[in-house]
file final_0.cif (mmCIF, N, CA and C atoms)
data_start
loop_
_atom_site.label_atom_id
_atom_site.label_comp_id
_atom_site.auth_asym_id
_atom_site.auth_seq_id
_atom_site.Cartn_x
_atom_site.Cartn_y
_atom_site.Cartn_z
N MET M 18 -2.37 -3.95 31.06
CA MET M 18 -1.62 -5.16 30.80
C MET M 18 -2.49 -6.10 29.98
N ILE M 19 -1.86 -6.76 29.01
CA ILE M 19 -2.58 -7.69 28.14
C ILE M 19 -2.43 -9.08 28.72
N SER M 20 -3.57 -9.74 28.88
CA SER M 20 -3.50 -11.12 29.39
C SER M 20 -3.39 -12.06 28.20
N GLN M 21 -2.60 -13.09 28.37
CA GLN M 21 -2.44 -14.07 27.30
C GLN M 21 -3.40 -15.21 27.52
N GLN M 22 -4.10 -15.56 26.44
CA GLN M 22 -5.03 -16.68 26.48
C GLN M 22 -4.29 -17.94 26.03
N PRO M 23 -4.63 -19.08 26.60
CA PRO M 23 -3.98 -20.31 26.16
C PRO M 23 -4.36 -20.61 24.71
N TYR M 24 -3.44 -21.24 23.96
CA TYR M 24 -3.68 -21.58 22.56
C TYR M 24 -4.73 -22.68 22.49
N ARG M 25 -5.73 -22.47 21.66
CA ARG M 25 -6.76 -23.49 21.43
C ARG M 25 -6.88 -23.68 19.92
N PRO M 26 -6.64 -24.87 19.41
CA PRO M 26 -6.78 -25.09 17.97
C PRO M 26 -8.24 -24.93 17.56
N VAL M 27 -8.44 -24.37 16.37
CA VAL M 27 -9.78 -24.19 15.84
C VAL M 27 -10.17 -25.44 15.09
N THR M 28 -11.38 -25.93 15.31
CA THR M 28 -11.87 -27.12 14.62
C THR M 28 -12.86 -26.69 13.56
N TYR M 29 -12.68 -27.21 12.36
CA TYR M 29 -13.55 -26.90 11.24
C TYR M 29 -14.39 -28.11 10.91
N MET M 30 -15.58 -27.86 10.38
CA MET M 30 -16.48 -28.93 10.00
C MET M 30 -16.57 -28.96 8.48
N ILE M 31 -16.40 -30.13 7.88
CA ILE M 31 -16.62 -30.31 6.46
C ILE M 31 -17.60 -31.47 6.34
N GLY M 32 -18.80 -31.16 5.85
CA GLY M 32 -19.82 -32.21 5.76
C GLY M 32 -20.08 -32.79 7.13
N SER M 33 -19.93 -34.10 7.23
CA SER M 33 -20.16 -34.74 8.51
C SER M 33 -18.85 -35.09 9.20
N THR M 34 -17.71 -34.74 8.62
CA THR M 34 -16.43 -35.06 9.26
C THR M 34 -15.84 -33.81 9.88
N THR M 35 -15.00 -33.99 10.84
CA THR M 35 -14.33 -32.89 11.50
C THR M 35 -12.86 -32.94 11.14
N SER M 36 -12.29 -31.78 10.82
CA SER M 36 -10.85 -31.73 10.55
C SER M 36 -10.32 -30.41 11.06
N SER M 37 -9.05 -30.35 11.26
CA SER M 37 -8.41 -29.12 11.70
C SER M 37 -7.43 -28.67 10.65
N GLY M 38 -7.31 -27.36 10.46
CA GLY M 38 -6.32 -26.87 9.52
C GLY M 38 -6.89 -25.80 8.61
N PRO M 39 -6.03 -25.12 7.88
CA PRO M 39 -6.44 -24.00 7.05
C PRO M 39 -7.21 -24.41 5.80
N ALA M 40 -7.11 -25.67 5.35
CA ALA M 40 -7.79 -26.07 4.13
C ALA M 40 -9.26 -26.35 4.37
N ALA M 41 -9.67 -26.54 5.61
CA ALA M 41 -11.06 -26.85 5.91
C ALA M 41 -11.87 -25.57 5.97
N MET M 42 -13.21 -25.70 5.80
CA MET M 42 -14.08 -24.53 5.85
C MET M 42 -14.64 -24.37 7.27
N PRO M 43 -14.71 -23.14 7.78
CA PRO M 43 -15.16 -22.95 9.15
C PRO M 43 -16.66 -23.17 9.31
N GLN M 44 -17.02 -23.63 10.48
CA GLN M 44 -18.43 -23.80 10.86
C GLN M 44 -18.88 -22.47 11.44
N MET M 45 -19.87 -21.81 10.80
CA MET M 45 -20.33 -20.52 11.27
C MET M 45 -21.80 -20.58 11.63
N GLY M 46 -22.13 -20.39 12.87
CA GLY M 46 -23.52 -20.32 13.31
C GLY M 46 -24.36 -21.50 12.91
N GLY M 47 -23.80 -22.67 12.84
CA GLY M 47 -24.57 -23.86 12.52
C GLY M 47 -24.71 -24.11 11.02
N THR M 48 -24.30 -23.18 10.17
CA THR M 48 -24.37 -23.40 8.72
C THR M 48 -22.98 -23.22 8.15
N MET M 49 -22.75 -23.81 7.01
CA MET M 49 -21.44 -23.71 6.38
C MET M 49 -21.20 -22.29 5.91
N GLY M 50 -20.02 -21.73 6.22
CA GLY M 50 -19.64 -20.42 5.72
C GLY M 50 -19.17 -20.52 4.28
N MET M 51 -19.27 -19.46 3.54
CA MET M 51 -18.84 -19.48 2.15
C MET M 51 -17.44 -18.89 2.07
N MET M 52 -16.53 -19.64 1.47
CA MET M 52 -15.18 -19.13 1.28
C MET M 52 -15.12 -18.44 -0.08
N PRO M 53 -14.38 -17.33 -0.18
CA PRO M 53 -14.26 -16.66 -1.47
C PRO M 53 -13.46 -17.53 -2.44
N PRO M 54 -13.64 -17.30 -3.74
CA PRO M 54 -12.90 -18.11 -4.72
C PRO M 54 -11.41 -17.80 -4.66
N GLN M 55 -10.61 -18.78 -5.04
CA GLN M 55 -9.18 -18.58 -5.13
C GLN M 55 -8.89 -17.67 -6.32
N VAL M 56 -8.18 -16.58 -6.09
CA VAL M 56 -7.90 -15.61 -7.14
C VAL M 56 -6.41 -15.35 -7.17
N THR M 57 -5.83 -15.45 -8.37
CA THR M 57 -4.43 -15.09 -8.47
C THR M 57 -4.30 -13.58 -8.35
N SER M 58 -3.22 -13.13 -7.82
CA SER M 58 -3.01 -11.71 -7.58
C SER M 58 -3.17 -10.92 -8.87
N GLY M 59 -4.01 -9.90 -8.81
CA GLY M 59 -4.20 -9.03 -9.96
C GLY M 59 -5.25 -9.49 -10.95
N SER M 60 -5.89 -10.64 -10.71
CA SER M 60 -6.92 -11.10 -11.64
C SER M 60 -8.17 -10.26 -11.48
N PRO M 61 -8.78 -9.83 -12.60
CA PRO M 61 -10.01 -9.04 -12.50
C PRO M 61 -11.20 -9.90 -12.09
N MET M 62 -12.19 -9.26 -11.45
CA MET M 62 -13.41 -9.94 -11.04
C MET M 62 -14.61 -9.14 -11.52
N THR M 63 -15.71 -9.84 -11.80
CA THR M 63 -16.95 -9.18 -12.20
C THR M 63 -17.66 -8.71 -10.94
N PRO M 64 -18.70 -7.84 -11.07
CA PRO M 64 -19.44 -7.39 -9.89
C PRO M 64 -20.08 -8.53 -9.09
N THR M 65 -20.36 -9.66 -9.75
CA THR M 65 -20.95 -10.80 -9.04
C THR M 65 -19.91 -11.65 -8.32
N GLY M 66 -18.63 -11.32 -8.50
CA GLY M 66 -17.58 -12.05 -7.80
C GLY M 66 -16.92 -13.13 -8.62
N ALA M 67 -17.30 -13.28 -9.91
CA ALA M 67 -16.67 -14.29 -10.75
C ALA M 67 -15.28 -13.80 -11.19
N VAL M 68 -14.32 -14.70 -11.19
CA VAL M 68 -12.95 -14.37 -11.59
C VAL M 68 -12.86 -14.44 -13.11
N VAL M 69 -12.32 -13.39 -13.71
CA VAL M 69 -12.13 -13.35 -15.16
C VAL M 69 -10.73 -13.89 -15.45
N PRO M 70 -10.64 -15.06 -16.11
CA PRO M 70 -9.31 -15.62 -16.38
C PRO M 70 -8.57 -14.77 -17.41
N THR M 71 -7.30 -14.55 -17.15
CA THR M 71 -6.46 -13.82 -18.08
C THR M 71 -5.20 -14.63 -18.31
N THR M 72 -4.62 -14.47 -19.47
CA THR M 72 -3.36 -15.14 -19.75
C THR M 72 -2.28 -14.09 -19.85
N ALA M 73 -1.24 -14.29 -19.10
CA ALA M 73 -0.11 -13.37 -19.12
C ALA M 73 0.75 -13.66 -20.35
N PRO M 74 1.29 -12.63 -20.98
CA PRO M 74 2.17 -12.89 -22.12
C PRO M 74 3.41 -13.65 -21.68
N VAL M 75 3.82 -14.60 -22.50
CA VAL M 75 4.99 -15.41 -22.18
C VAL M 75 6.12 -15.01 -23.14
N PHE M 76 7.23 -14.57 -22.60
CA PHE M 76 8.38 -14.23 -23.41
C PHE M 76 9.64 -14.45 -22.61
N GLU M 77 10.71 -14.69 -23.34
CA GLU M 77 12.00 -14.89 -22.70
C GLU M 77 12.56 -13.54 -22.26
N GLN M 78 13.24 -13.50 -21.15
CA GLN M 78 13.92 -12.28 -20.74
C GLN M 78 15.25 -12.20 -21.47
N SER M 79 15.83 -11.03 -21.51
CA SER M 79 17.02 -10.80 -22.32
C SER M 79 18.30 -11.19 -21.58
N TYR M 80 18.38 -12.43 -21.18
CA TYR M 80 19.62 -12.97 -20.62
C TYR M 80 20.36 -13.68 -21.74
N ILE M 81 21.66 -13.74 -21.64
CA ILE M 81 22.45 -14.31 -22.73
C ILE M 81 22.04 -15.75 -23.04
N GLU M 82 21.73 -16.55 -22.03
CA GLU M 82 21.35 -17.93 -22.31
C GLU M 82 20.05 -18.00 -23.09
N ASN M 83 19.13 -17.06 -22.85
CA ASN M 83 17.88 -17.06 -23.61
C ASN M 83 18.10 -16.61 -25.05
N ILE M 84 19.00 -15.66 -25.24
CA ILE M 84 19.34 -15.24 -26.61
C ILE M 84 19.97 -16.41 -27.36
N PHE M 85 20.86 -17.14 -26.70
CA PHE M 85 21.45 -18.32 -27.33
C PHE M 85 20.39 -19.37 -27.64
N ARG M 86 19.45 -19.60 -26.73
CA ARG M 86 18.40 -20.60 -26.98
C ARG M 86 17.56 -20.24 -28.20
N LEU M 87 17.33 -18.95 -28.40
CA LEU M 87 16.56 -18.52 -29.57
C LEU M 87 17.32 -18.72 -30.87
N ASN M 88 18.63 -18.96 -30.79
CA ASN M 88 19.46 -19.06 -31.98
C ASN M 88 20.20 -20.39 -32.08
N LEU M 89 19.63 -21.44 -31.52
CA LEU M 89 20.24 -22.77 -31.61
C LEU M 89 20.34 -23.18 -33.08
N GLY M 90 21.40 -23.89 -33.41
CA GLY M 90 21.59 -24.36 -34.78
C GLY M 90 22.39 -23.41 -35.65
N LYS M 91 22.69 -22.22 -35.16
CA LYS M 91 23.46 -21.25 -35.93
C LYS M 91 24.95 -21.39 -35.62
N VAL M 92 25.76 -21.09 -36.61
CA VAL M 92 27.22 -21.14 -36.45
C VAL M 92 27.69 -19.82 -35.85
N GLY M 93 28.47 -19.92 -34.80
CA GLY M 93 28.99 -18.73 -34.15
C GLY M 93 30.45 -18.89 -33.77
N THR M 94 31.06 -17.77 -33.50
CA THR M 94 32.43 -17.75 -32.97
C THR M 94 32.34 -17.21 -31.56
N PHE M 95 32.86 -17.96 -30.61
CA PHE M 95 32.69 -17.67 -29.19
C PHE M 95 34.06 -17.38 -28.57
N TYR M 96 34.14 -16.26 -27.89
CA TYR M 96 35.40 -15.79 -27.31
C TYR M 96 35.36 -15.95 -25.79
N PHE M 97 36.41 -16.58 -25.26
CA PHE M 97 36.49 -16.87 -23.83
C PHE M 97 37.82 -16.41 -23.28
N THR M 98 37.82 -15.99 -22.03
CA THR M 98 39.04 -15.60 -21.34
C THR M 98 39.20 -16.49 -20.11
N TYR M 99 40.40 -17.02 -19.93
CA TYR M 99 40.70 -17.89 -18.79
C TYR M 99 41.81 -17.23 -17.98
N GLU M 100 41.45 -16.57 -16.91
CA GLU M 100 42.44 -15.86 -16.08
C GLU M 100 43.37 -16.84 -15.38
N ASN M 101 44.57 -16.38 -15.15
CA ASN M 101 45.59 -17.14 -14.41
C ASN M 101 45.90 -18.50 -15.03
N ASN M 102 45.75 -18.59 -16.34
CA ASN M 102 46.08 -19.83 -17.03
C ASN M 102 47.48 -19.69 -17.62
N SER M 103 48.37 -20.59 -17.27
CA SER M 103 49.76 -20.47 -17.71
C SER M 103 49.96 -20.85 -19.18
N GLN M 104 49.04 -21.63 -19.77
CA GLN M 104 49.19 -22.06 -21.17
C GLN M 104 48.51 -21.11 -22.14
N TRP M 105 47.31 -20.68 -21.84
CA TRP M 105 46.60 -19.74 -22.70
C TRP M 105 45.61 -18.94 -21.87
N ASN M 106 45.56 -17.65 -22.17
CA ASN M 106 44.68 -16.76 -21.42
C ASN M 106 43.34 -16.59 -22.10
N ALA M 107 43.33 -16.60 -23.42
CA ALA M 107 42.11 -16.41 -24.17
C ALA M 107 42.02 -17.50 -25.23
N LYS M 108 40.77 -17.89 -25.53
CA LYS M 108 40.59 -18.94 -26.52
C LYS M 108 39.35 -18.63 -27.35
N VAL M 109 39.38 -19.00 -28.61
CA VAL M 109 38.28 -18.75 -29.53
C VAL M 109 37.77 -20.10 -30.03
N PHE M 110 36.45 -20.29 -29.99
CA PHE M 110 35.83 -21.53 -30.45
C PHE M 110 34.81 -21.17 -31.53
N THR M 111 34.79 -21.94 -32.60
CA THR M 111 33.80 -21.75 -33.65
C THR M 111 33.04 -23.05 -33.81
N GLY M 112 31.71 -22.96 -33.88
CA GLY M 112 30.91 -24.16 -34.05
C GLY M 112 29.43 -23.86 -34.05
N VAL M 113 28.66 -24.92 -34.22
CA VAL M 113 27.20 -24.83 -34.23
C VAL M 113 26.72 -24.80 -32.79
N LEU M 114 25.91 -23.82 -32.46
CA LEU M 114 25.35 -23.71 -31.12
C LEU M 114 24.27 -24.77 -30.96
N GLU M 115 24.52 -25.76 -30.12
CA GLU M 115 23.59 -26.88 -29.97
C GLU M 115 22.69 -26.76 -28.75
N ALA M 116 23.21 -26.22 -27.65
CA ALA M 116 22.42 -26.10 -26.42
C ALA M 116 22.95 -24.93 -25.61
N ALA M 117 22.05 -24.36 -24.81
CA ALA M 117 22.45 -23.24 -23.96
C ALA M 117 21.74 -23.37 -22.62
N GLY M 118 22.53 -23.42 -21.57
CA GLY M 118 22.00 -23.46 -20.21
C GLY M 118 22.35 -22.17 -19.50
N ARG M 119 21.97 -22.09 -18.26
CA ARG M 119 22.24 -20.88 -17.48
C ARG M 119 23.74 -20.65 -17.33
N ASP M 120 24.51 -21.73 -17.17
CA ASP M 120 25.94 -21.55 -16.90
C ASP M 120 26.85 -22.17 -17.96
N HIS M 121 26.29 -22.61 -19.08
CA HIS M 121 27.12 -23.26 -20.09
C HIS M 121 26.46 -23.19 -21.47
N ILE M 122 27.27 -23.45 -22.49
CA ILE M 122 26.75 -23.68 -23.84
C ILE M 122 27.43 -24.93 -24.37
N ILE M 123 26.80 -25.56 -25.34
CA ILE M 123 27.40 -26.70 -26.02
C ILE M 123 27.45 -26.35 -27.50
N ILE M 124 28.65 -26.44 -28.05
CA ILE M 124 28.81 -26.20 -29.49
C ILE M 124 29.40 -27.46 -30.10
N SER M 125 29.22 -27.62 -31.40
CA SER M 125 29.83 -28.76 -32.09
C SER M 125 30.69 -28.25 -33.24
N ASP M 126 31.82 -28.88 -33.41
CA ASP M 126 32.74 -28.56 -34.49
C ASP M 126 32.24 -29.30 -35.73
N GLN M 127 31.93 -28.56 -36.80
CA GLN M 127 31.38 -29.17 -38.00
C GLN M 127 32.38 -30.12 -38.67
N ALA M 128 33.64 -29.80 -38.60
CA ALA M 128 34.64 -30.61 -39.28
C ALA M 128 34.87 -31.94 -38.58
N THR M 129 34.95 -31.94 -37.25
CA THR M 129 35.28 -33.16 -36.52
C THR M 129 34.07 -33.83 -35.88
N GLY M 130 32.97 -33.09 -35.71
CA GLY M 130 31.80 -33.63 -35.02
C GLY M 130 31.95 -33.60 -33.51
N GLN M 131 33.09 -33.09 -33.03
CA GLN M 131 33.35 -33.02 -31.60
C GLN M 131 32.45 -31.98 -30.96
N ARG M 132 31.94 -32.31 -29.78
CA ARG M 132 31.10 -31.38 -29.02
C ARG M 132 31.90 -30.83 -27.85
N ILE M 133 31.71 -29.52 -27.60
CA ILE M 133 32.47 -28.84 -26.55
C ILE M 133 31.50 -28.17 -25.60
N VAL M 134 31.67 -28.40 -24.31
CA VAL M 134 30.89 -27.72 -23.29
C VAL M 134 31.73 -26.56 -22.78
N LEU M 135 31.18 -25.36 -22.88
CA LEU M 135 31.91 -24.16 -22.47
C LEU M 135 31.16 -23.47 -21.34
N LEU M 136 31.89 -23.08 -20.31
CA LEU M 136 31.28 -22.44 -19.15
C LEU M 136 31.09 -20.94 -19.39
N MET M 137 29.93 -20.43 -19.03
CA MET M 137 29.60 -19.02 -19.26
C MET M 137 30.41 -18.08 -18.37
N VAL M 138 30.96 -18.59 -17.28
CA VAL M 138 31.76 -17.75 -16.39
C VAL M 138 32.99 -17.20 -17.12
N ASN M 139 33.44 -17.90 -18.17
CA ASN M 139 34.60 -17.47 -18.95
C ASN M 139 34.21 -16.75 -20.24
N PHE M 140 32.93 -16.66 -20.54
CA PHE M 140 32.44 -16.11 -21.81
C PHE M 140 32.67 -14.60 -21.89
N ASP M 141 33.16 -14.13 -23.04
CA ASP M 141 33.34 -12.70 -23.28
C ASP M 141 32.29 -12.19 -24.26
N TYR M 142 32.29 -12.75 -25.47
CA TYR M 142 31.30 -12.34 -26.47
C TYR M 142 31.25 -13.37 -27.58
N ALA M 143 30.27 -13.22 -28.48
CA ALA M 143 30.11 -14.13 -29.60
C ALA M 143 29.81 -13.33 -30.86
N THR M 144 30.19 -13.87 -31.99
CA THR M 144 29.84 -13.27 -33.27
C THR M 144 29.16 -14.33 -34.13
N PHE M 145 28.22 -13.88 -34.96
CA PHE M 145 27.50 -14.74 -35.88
C PHE M 145 27.52 -14.08 -37.25
N ASN M 146 27.60 -14.86 -38.31
CA ASN M 146 27.60 -14.31 -39.67
C ASN M 146 26.20 -14.29 -40.28
N GLU M 147 25.20 -14.41 -39.47
CA GLU M 147 23.82 -14.34 -39.96
C GLU M 147 22.97 -13.59 -38.94
N GLU M 148 21.79 -13.23 -39.37
CA GLU M 148 20.88 -12.47 -38.50
C GLU M 148 20.46 -13.33 -37.31
N LEU M 149 20.35 -12.71 -36.15
CA LEU M 149 19.97 -13.42 -34.94
C LEU M 149 18.51 -13.17 -34.61
N VAL M 150 17.90 -14.16 -33.98
CA VAL M 150 16.57 -13.98 -33.41
C VAL M 150 16.78 -13.39 -32.03
N TYR M 151 16.07 -12.30 -31.75
CA TYR M 151 16.23 -11.64 -30.46
C TYR M 151 14.87 -11.20 -29.97
N GLN M 152 14.53 -11.56 -28.75
CA GLN M 152 13.25 -11.21 -28.14
C GLN M 152 13.47 -10.08 -27.16
N TYR M 153 12.90 -8.91 -27.45
CA TYR M 153 13.00 -7.80 -26.52
C TYR M 153 12.20 -8.11 -25.26
N PRO M 154 12.71 -7.76 -24.09
CA PRO M 154 11.93 -7.97 -22.86
C PRO M 154 10.64 -7.15 -22.91
N GLY M 155 9.52 -7.78 -22.60
CA GLY M 155 8.25 -7.09 -22.53
C GLY M 155 7.54 -6.94 -23.85
N VAL M 156 8.11 -7.46 -24.95
CA VAL M 156 7.49 -7.35 -26.27
C VAL M 156 7.16 -8.74 -26.76
N ILE M 157 5.91 -8.94 -27.19
CA ILE M 157 5.51 -10.23 -27.71
C ILE M 157 5.88 -10.28 -29.19
N GLY M 158 6.53 -11.34 -29.63
CA GLY M 158 6.96 -11.46 -31.01
C GLY M 158 8.29 -10.74 -31.22
N ASN M 159 8.80 -10.86 -32.42
CA ASN M 159 10.07 -10.20 -32.73
C ASN M 159 9.80 -8.79 -33.25
N PRO M 160 10.60 -7.82 -32.83
CA PRO M 160 10.44 -6.46 -33.34
C PRO M 160 10.89 -6.39 -34.80
N PRO M 161 10.57 -5.33 -35.50
CA PRO M 161 11.04 -5.20 -36.88
C PRO M 161 12.56 -5.30 -36.95
N THR M 162 13.07 -5.99 -37.96
CA THR M 162 14.51 -6.21 -38.05
C THR M 162 15.19 -5.23 -38.97
N THR M 163 14.44 -4.37 -39.66
CA THR M 163 15.08 -3.43 -40.58
C THR M 163 15.58 -2.23 -39.82
N ARG M 164 16.86 -2.00 -39.88
CA ARG M 164 17.49 -0.86 -39.23
C ARG M 164 18.58 -0.32 -40.13
N ASN M 165 18.78 0.95 -40.06
CA ASN M 165 19.86 1.58 -40.81
C ASN M 165 21.05 1.75 -39.89
N CYS M 166 21.84 0.69 -39.75
CA CYS M 166 22.97 0.72 -38.83
C CYS M 166 24.25 1.21 -39.49
N TRP M 167 24.33 1.15 -40.78
CA TRP M 167 25.59 1.49 -41.45
C TRP M 167 25.49 2.79 -42.14
#
call {"tool": "encode", "arguments": {"input": "final_0.cif", "output": "structure tokens"}}
result
Amino acid sequence: MISQQPYRPVTYMIGSTTSSGPAAMPQMGGTMGMMPPQVTSGSPMTPTGAVVPTTAPVFEQSYIENIFRLNLGKVGTFYFTYENNSQWNAKVFTGVLEAAGRDHIIISDQATGQRIVLLMVNFDYATFNEELVYQYPGVIGNPPTTRNCW
């Protein structure tokens, strides 16, 4: 049978003050114990224990809102479907892509200057009459754009 010991908080010493908690350094045998350096997961270390700083590549993932963000300022035609709508089921909008969020885009009509907020939940697809900037997931920079598609 295992006997349960009463809970006793551990007291740590920092310099001449006493504090309790995980941020304080433990008092070991009358001398200050050495805490290992803070290391981000996967960071390399030298044999002496020094952390080698590394920078992770930063790139957008291939979500539609990120593709739209890479192509702000371009004119596109955006197709939307509105289910159970008695007046219109599908609608087409053409305009300059001004902003793109996770759940919406904002386009502006060049002729009227009117801005339209469109919800991505209704989005079907978009067409552009110019080349798009597209960031492949896991690739730094843009891949070569020359392809024999036709």
call {"tool": "atom_distance", "arguments": {"input": "final_0.cif", "atom1": "atom C of M:Ala117", "atom2": "atom N of M:Phe85"}}
result
7.5 Å
call {"tool": "atom_distance", "arguments": {"input": "final_0.cif", "atom1": "atom CA of M:Gln131", "atom2": "atom CA of M:Val113"}}
result
10.6 Å
call {"tool": "atom_distance", "arguments": {"input": "final_0.cif", "atom1": "atom CA of M:Glu82", "atom2": "atom CA of M:Thr111"}}
result
17.3 Å
call {"tool": "closest_residue", "arguments": {"input": "final_0.cif", "among": "M:Ala128, M:Val92, M:Ala116, M:Leu135", "to": "M:Glu147", "atoms": "only C-alpha atoms"}}
result
M:Val92
call {"tool": "resolve_selection", "arguments": {"input": "final_0.cif", "expression": "the PyMOL selection byres (((chain M and resi 95-97 and name CA) around 8) and name CA)", "output": "number ranges by chain"}}
result
M: 93-94, 98-99, 107-111, 139-144
call {"tool": "closest_residue", "arguments": {"input": "final_0.cif", "among": "M:Val134, M:Gly118, M:Trp105, M:Pro64", "to": "M:Asn83", "atoms": "only C-alpha atoms"}}
result
M:Gly118
call {"tool": "residues_near_point", "arguments": {"input": "final_0.cif", "point": "(27.9, -23.4, -31.2)", "cutoff": "5 Å", "atoms": "all atoms listed in the file", "output": "PyMOL selection string"}}
result
chain M and resi 112-115+123-125
